[in-house]
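This report refers to the structure that appears directly beneath it.
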Amino acid sequence: YVLRGAAEIRVIDIALLAQYRGQGIGTTLLRSLLDEARRGARRVTIHVEENNPALALYLRLGFTQIETHGLYRLMAWPASAPVMSQETE
């Protein structure tokens, strides 16, 4: 679930069934969203639990932590950040 605003795209919820993880599906979905955000000069934000394995994916895609709320991190990807391609990973 994604909430699109004028200045920000907020990822409310994203999940993959276990059998589909590790196949690049989540990366592809997020890259598409980051491309959309960059075209509209919007940042992307997401709250993620500190022990969530997807945290590594968000960091790899250029998200940075901007706040901490208990066990949750608010992470943001600025519209000016490059969208990492598979060739640059």
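Please note that chains go A, B, ... in the order of the structure tokens, that every chain numbers its residues from 1, and that ligands are numbered from 1 in the order shown.
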Write out as a list in words the set of residues from stretch 4-62 of chain A that DSSP, computed on the backbone, places in helix (DSSP H, G or I). Ala18, Gln19, Tyr20, Ile25, Gly26, Thr27, Thr28, Leu29, Leu30, Arg31, Ser32, Leu33, Leu34, Asp35, Glu36, Ala37, Arg38, Arg39, Leu55, Ala56, Leu57, Tyr58, Leu59 and Arg60 of chain A
Produce a file of the selected residues containing C-alpha atoms, as an mmCIF file, in the first residue's frame.
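Produced file selection_3.cif, reproduced below:
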data_model
loop_
_atom_site.group_PDB
_atom_site.id
_atom_site.type_symbol
_atom_site.label_atom_id
_atom_site.label_comp_id
_atom_site.auth_asym_id
_atom_site.auth_seq_id
_atom_site.Cartn_x
_atom_site.Cartn_y
_atom_site.Cartn_z
ATOM 1 C CA ALA A 18 8.423 -16.204 1.839
ATOM 2 C CA GLN A 19 8.667 -18.278 -1.341
ATOM 3 C CA TYR A 20 8.997 -15.092 -3.430
ATOM 4 C CA ILE A 25 10.785 -8.820 -6.846
ATOM 5 C CA GLY A 26 10.898 -6.382 -3.921
ATOM 6 C CA THR A 27 13.875 -4.595 -5.446
ATOM 7 C CA THR A 28 12.060 -4.236 -8.768
ATOM 8 C CA LEU A 29 8.907 -2.907 -7.088
ATOM 9 C CA LEU A 30 10.836 -0.345 -5.066
ATOM 10 C CA ARG A 31 12.986 0.771 -8.017
ATOM 11 C CA SER A 32 9.824 1.434 -9.985
ATOM 12 C CA LEU A 33 8.472 3.519 -7.116
ATOM 13 C CA LEU A 34 11.776 5.409 -6.808
ATOM 14 C CA ASP A 35 11.725 6.172 -10.539
ATOM 15 C CA GLU A 36 8.207 7.568 -10.150
ATOM 16 C CA ALA A 37 9.282 9.641 -7.151
ATOM 17 C CA ARG A 38 12.300 11.080 -8.932
ATOM 18 C CA ARG A 39 10.240 12.089 -11.976
ATOM 19 C CA LEU A 55 16.275 -2.987 6.047
ATOM 20 C CA ALA A 56 19.370 -4.045 4.080
ATOM 21 C CA LEU A 57 17.419 -3.625 0.827
ATOM 22 C CA TYR A 58 16.282 -0.120 1.756
ATOM 23 C CA LEU A 59 19.841 0.890 2.653
ATOM 24 C CA ARG A 60 21.169 -0.592 -0.597
#
Non-local contacts of stretch 75-79 of chain A (8 Å; only C-alpha atoms; under 2 positions in same chain excluded) as a list of chain:residue names: A:Leu34, A:Ala37, A:Arg38, A:Ala41, A:Arg42, A:Arg43, A:Val44, A:Thr45, A:Ile46, A:His47, A:Val48, A:Gly62, A:Phe63, A:Thr64, A:Gln65, A:Ile66, A:Glu67, A:Arg73, A:Ala81
One decimal, in Å: what's the spacing between atom CA of A:Pro53 and atom CA of A:Ala15? 11.5 Å
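You can rank A:Glu49, A:Asp13, A:Gly5, A:Ala54 by their closest distance to A:Thr68 using only C-alpha atoms, and at the top of that list sits A:Glu49.
Listed by chain and then by rising number, the residues of chain A that DSSP assigns to strand (DSSP E) from the backbone are A:Val2, A:Leu3, A:Arg4, A:Glu8, A:Ile9, A:Arg10, A:Val11, A:Arg43, A:Val44, A:Thr45, A:Ile46, A:His47, A:Val48, A:Glu49, A:Thr64, A:Gln65, A:Ile66, A:Glu67, A:Thr68, A:His69, A:Tyr72, A:Arg73, A:Leu74, A:Met75, A:Ala76, A:Trp77.
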Can you spit out the residues from that selection as a compact mmCIF listing (two decimals), in the first residue's frame, using C-alpha atoms?
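Result file follows (again15.txt):
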# COMPACT_ATOMS: atom_id res chain seq x y z
CA VAL A 2 1.41 3.38 -1.03
CA LEU A 3 0.19 6.89 -0.18
CA ARG A 4 1.12 9.40 -2.88
CA GLU A 8 6.26 12.61 -0.69
CA ILE A 9 5.41 9.01 -1.47
CA ARG A 10 4.88 7.04 1.74
CA VAL A 11 5.21 3.26 1.62
CA ARG A 43 10.94 11.82 -1.61
CA VAL A 44 9.95 8.31 -0.53
CA THR A 45 9.54 7.38 3.13
CA ILE A 46 8.94 4.11 4.95
CA HIS A 47 8.79 2.96 8.57
CA VAL A 48 10.67 -0.28 9.12
CA GLU A 49 11.34 -2.39 12.20
CA THR A 64 18.71 6.76 5.07
CA GLN A 65 17.39 6.78 8.60
CA ILE A 66 15.93 10.14 9.59
CA GLU A 67 14.10 9.28 12.84
CA THR A 68 13.73 6.48 15.36
CA HIS A 69 10.46 5.61 17.07
CA TYR A 72 10.86 1.51 14.18
CA ARG A 73 13.08 3.57 11.92
CA LEU A 74 11.68 6.23 9.65
CA MET A 75 13.73 6.03 6.49
CA ALA A 76 13.72 8.39 3.55
CA TRP A 77 14.95 8.38 -0.01
